[in-house]
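What follows is structure38.cif (mmCIF, C-alpha atoms and all ligand atoms).
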data_start
loop_
_atom_site.group_PDB
_atom_site.id
_atom_site.type_symbol
_atom_site.label_atom_id
_atom_site.label_comp_id
_atom_site.auth_asym_id
_atom_site.auth_seq_id
_atom_site.Cartn_x
_atom_site.Cartn_y
_atom_site.Cartn_z
ATOM 1 C CA MET A 20 -8.158 -3.914 49.749
ATOM 2 C CA GLY A 21 -6.139 -1.727 52.086
ATOM 3 C CA SER A 22 -8.692 -1.116 54.805
ATOM 4 C CA GLN A 23 -10.197 -4.560 54.741
ATOM 5 C CA TRP A 24 -8.795 -6.443 57.655
ATOM 6 C CA VAL A 25 -9.218 -10.096 58.074
ATOM 7 C CA TRP A 26 -9.678 -10.985 61.692
ATOM 8 C CA PHE A 27 -8.318 -14.355 62.448
ATOM 9 C CA PRO A 28 -9.868 -16.286 65.284
ATOM 10 C CA ARG A 29 -7.827 -15.699 68.391
ATOM 11 C CA ALA A 30 -6.983 -19.338 68.743
ATOM 12 C CA CYS A 31 -5.248 -19.256 65.401
ATOM 13 C CA CYS A 32 -2.644 -16.605 65.889
ATOM 14 C CA GLN A 33 -2.364 -15.702 69.554
ATOM 15 C CA ASP A 34 -1.711 -19.226 70.616
ATOM 16 C CA SER A 35 1.859 -20.349 70.993
ATOM 17 C CA LYS A 36 0.842 -23.289 68.858
ATOM 18 C CA ALA A 37 -0.209 -21.526 65.689
ATOM 19 C CA PRO A 38 -1.164 -24.196 63.185
ATOM 20 C CA GLY A 39 0.615 -22.608 60.237
ATOM 21 C CA PRO A 40 4.264 -22.759 61.238
ATOM 22 C CA ASP A 41 3.653 -25.982 63.069
ATOM 23 C CA LEU A 42 2.387 -27.660 59.945
ATOM 24 C CA GLU A 43 5.323 -26.325 57.996
ATOM 25 C CA ARG A 44 7.655 -27.698 60.565
ATOM 26 C CA GLU A 45 5.974 -31.077 60.668
ATOM 27 C CA LYS A 46 6.165 -31.256 56.911
ATOM 28 C CA HIS A 47 9.854 -30.580 57.099
ATOM 29 C CA TRP A 48 10.206 -33.230 59.776
ATOM 30 C CA ALA A 49 8.287 -35.696 57.666
ATOM 31 C CA GLU A 50 10.756 -35.090 54.881
ATOM 32 C CA LEU A 51 13.652 -35.568 57.230
ATOM 33 C CA PHE A 52 12.127 -38.748 58.534
ATOM 34 C CA ASP A 53 11.653 -40.002 55.023
ATOM 35 C CA GLN A 54 15.256 -39.228 54.159
ATOM 36 C CA LEU A 55 16.549 -40.985 57.223
ATOM 37 C CA ASP A 56 14.309 -44.028 56.919
ATOM 38 C CA LEU A 57 16.401 -45.682 54.256
ATOM 39 C CA ASN A 58 14.511 -48.965 54.013
ATOM 40 C CA LYS A 59 11.126 -47.236 54.324
ATOM 41 C CA ASP A 60 9.798 -49.449 57.072
ATOM 42 C CA GLY A 61 8.469 -46.496 59.018
ATOM 43 C CA HIS A 62 11.184 -46.637 61.649
ATOM 44 C CA ILE A 63 14.579 -45.073 62.008
ATOM 45 C CA ASP A 64 17.172 -47.265 63.619
ATOM 46 C CA ILE A 65 20.675 -46.383 64.707
ATOM 47 C CA ALA A 66 22.231 -47.669 61.499
ATOM 48 C CA GLU A 67 19.998 -45.452 59.405
ATOM 49 C CA LEU A 68 20.616 -42.498 61.651
ATOM 50 C CA ARG A 69 24.317 -43.108 61.362
ATOM 51 C CA ALA A 70 24.148 -43.403 57.586
ATOM 52 C CA GLY A 71 21.997 -40.307 57.267
ATOM 53 C CA LEU A 72 24.113 -38.232 59.567
ATOM 54 C CA ALA A 73 27.435 -39.679 58.547
ATOM 55 C CA GLY A 74 30.279 -37.216 58.653
ATOM 56 C CA ARG A 75 28.404 -34.795 60.907
ATOM 57 C CA GLY A 76 30.824 -35.312 63.724
ATOM 58 C CA LEU A 77 28.367 -37.393 65.712
ATOM 59 C CA SER A 78 29.805 -40.332 67.545
ATOM 60 C CA LYS A 79 28.050 -43.668 67.664
ATOM 61 C CA GLY A 80 27.488 -42.986 71.319
ATOM 62 C CA SER A 81 25.647 -39.750 70.733
ATOM 63 C CA LEU A 82 23.468 -41.371 68.081
ATOM 64 C CA GLU A 83 22.608 -44.126 70.504
ATOM 65 C CA ARG A 84 21.756 -41.509 73.062
ATOM 66 C CA MET A 85 19.560 -39.767 70.508
ATOM 67 C CA VAL A 86 17.624 -42.929 69.786
ATOM 68 C CA LYS A 87 17.424 -43.892 73.416
ATOM 69 C CA ALA A 88 16.174 -40.446 74.403
ATOM 70 C CA GLY A 89 13.511 -40.459 71.726
ATOM 71 C CA ASP A 90 12.518 -44.103 71.913
ATOM 72 C CA THR A 91 9.608 -43.839 74.290
ATOM 73 C CA ASN A 92 8.230 -47.328 73.709
ATOM 74 C CA GLN A 93 11.697 -48.848 74.017
ATOM 75 C CA ASP A 94 11.654 -50.960 70.879
ATOM 76 C CA GLY A 95 15.076 -49.727 69.853
ATOM 77 C CA VAL A 96 13.930 -47.693 66.864
ATOM 78 C CA LEU A 97 12.278 -44.332 66.345
ATOM 79 C CA ASP A 98 8.902 -44.229 64.697
ATOM 80 C CA PHE A 99 7.587 -40.974 63.276
ATOM 81 C CA GLU A 100 5.786 -40.047 66.475
ATOM 82 C CA GLU A 101 8.915 -40.532 68.528
ATOM 83 C CA PHE A 102 11.044 -38.784 65.956
ATOM 84 C CA THR A 103 8.902 -35.658 65.902
ATOM 85 C CA GLN A 104 8.553 -35.734 69.658
ATOM 86 C CA TYR A 105 12.304 -35.862 69.947
ATOM 87 C CA LEU A 106 12.737 -33.027 67.488
ATOM 88 C CA ARG A 107 10.196 -30.976 69.384
ATOM 89 C CA THR A 108 12.064 -31.326 72.646
ATOM 90 C CA HIS A 109 15.542 -30.969 71.184
ATOM 91 C CA GLU A 110 14.744 -28.537 68.457
ATOM 92 C CA LYS A 111 17.260 -25.924 69.371
ATOM 93 C CA GLN A 112 20.308 -28.128 69.324
ATOM 94 C CA LEU A 113 19.089 -30.095 66.333
ATOM 95 C CA LYS A 114 18.366 -26.999 64.320
ATOM 96 C CA ILE A 115 22.050 -26.350 64.063
ATOM 97 C CA MET A 116 22.676 -29.876 62.919
ATOM 98 C CA PHE A 117 19.908 -29.936 60.340
ATOM 99 C CA LYS A 118 20.897 -26.537 59.114
ATOM 100 C CA ASN A 119 24.259 -27.996 58.320
ATOM 101 C CA LEU A 120 22.589 -30.889 56.598
ATOM 102 C CA ASP A 121 20.577 -28.499 54.484
ATOM 103 C CA ARG A 122 23.600 -26.580 53.443
ATOM 104 C CA ASN A 123 25.829 -29.489 52.711
ATOM 105 C CA ASN A 124 23.462 -32.005 51.261
ATOM 106 C CA ASP A 125 20.785 -29.822 49.752
ATOM 107 C CA TRP A 126 18.120 -31.431 51.914
HETATM 108 CA CA CA B 201 14.025 -47.924 58.574
HETATM 109 CA CA CA B 202 10.262 -46.727 69.436
#
So that I can check it, write out the structure of this file as structure tokens.
Ligand SMILES: [Ca+2]
Ligand SMILES: [Ca+2]
Amino acid sequence: MGSQWVWFPRACCQDSKAPGPDLEREKHWAELFDQLDLNKDGHIDIAELRAGLAGRGLSKGSLERMVKAGDTNQDGVLDFEEFTQYLRTHEKQLKIMFKNLDRNNDW
């Protein structure tokens, strides 16, 4: 085995958007979305966000800002597209938050 290298296509691994980790991440996001979408209608509204993130020290105002920032089609709720888009752009600050969620709630 040792000397047998597998050469991945350049697009796979050199790209900043390697499919592997990205898929992993999206899977994780899908789980998060599912957890937050309490009534399973495919959208996350402020009430669900508040329920899901209750006790995380987030004010109603900051949740509203979160939804507003992510709600690109302005229908007042986040669909999965908007949710992942929001996570993508705010990943760094959200990572801390979701890390806490993981630890405390076994997400
Ligand atoms: Ca919902
Ligand atoms: Ca929306």
Exercise for the section: Please identify all polymer residues within 10 Å of Asp90 in chain A, counting only C-alpha atoms, omitting same-chain residues fewer than 4 positions from it, and present them as number ranges by chain. Expected result: A: 84-86, 94-98, 100-102, 104-105
I'd like the neighbourhood of range 68-74 of chain A as a CSV table (one decimal) with C-alpha atoms, in the coordinates of the input, where a residue qualifies if any of its atoms comes within 9 Å (using only C-alpha atoms), though same-chain residues fewer than 6 positions away should be ignored.
chain,number,residue,atom,x,y,z
A,54,GLN,CA,15.3,-39.2,54.2
A,55,LEU,CA,16.5,-41.0,57.2
A,56,ASP,CA,14.3,-44.0,56.9
A,57,LEU,CA,16.4,-45.7,54.3
A,82,LEU,CA,23.5,-41.4,68.1
A,86,VAL,CA,17.6,-42.9,69.8
A,120,LEU,CA,22.6,-30.9,56.6
Completion exercise
In terms of all atoms listed in the file, the residue from A:Ile65, A:Leu77, A:Leu51, A:Leu106 at minimal distance from ligand CA 201 (chain B) is A:Ile65
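Compared by their closest atoms to Arg44 in chain A, and using all atoms listed in the file, the residues A:Thr103, A:Gly80, A:Ile63, A:Thr91 rank with A:Thr103 nearest.
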Practice task
In Å, rounded to a single decimal, give me how far CA of Gly76 in chain A is from CA of Leu42 in chain A.
Solution key: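 Interatomic distance here is 29.7 Å.
In this structure, CA of Asp41 in chain A sits 22.0 Å away from CA of His62 in chain A.
Distance annotation: of A:Glu50, A:Glu43, A:Glu67, A:Glu83, the residue with the minimal separation from Phe99 in chain A is A:Glu50; atom set is all atoms listed in the file.
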Exercise for the section: Tell me which of A:Lys46, A:Lys87, A:Lys114, A:Lys59 sits closest to ligand CA 201 (chain B), counting all atoms listed in the file. Expected result: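 Nearest candidate to ligand CA 201 (chain B) out of A:Lys46, A:Lys87, A:Lys114, A:Lys59: A:Lys59.
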Problem - Which residue of A:Gly89, A:Arg107, A:Gly39, A:Ile115 approaches ligand CA 202 (chain B) most closely, using only C-alpha atoms and all ligand atoms - result: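 Using only C-alpha atoms and all ligand atoms, ligand CA 202 (chain B) sits closest to A:Gly89.
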Practice task
Figure out the distance between atom CA of ligand CA 202 (chain B) and CA of Asp53 in chain A, please, to one decimal in Å.
Solution key: 16.0 Å
Handout entry: Pick from A:Leu113, A:Thr108, A:Gln93, A:Gly61, whichever lies nearest to ligand CA 201 (chain B) using all atoms listed in the file
Key = A:Gly61
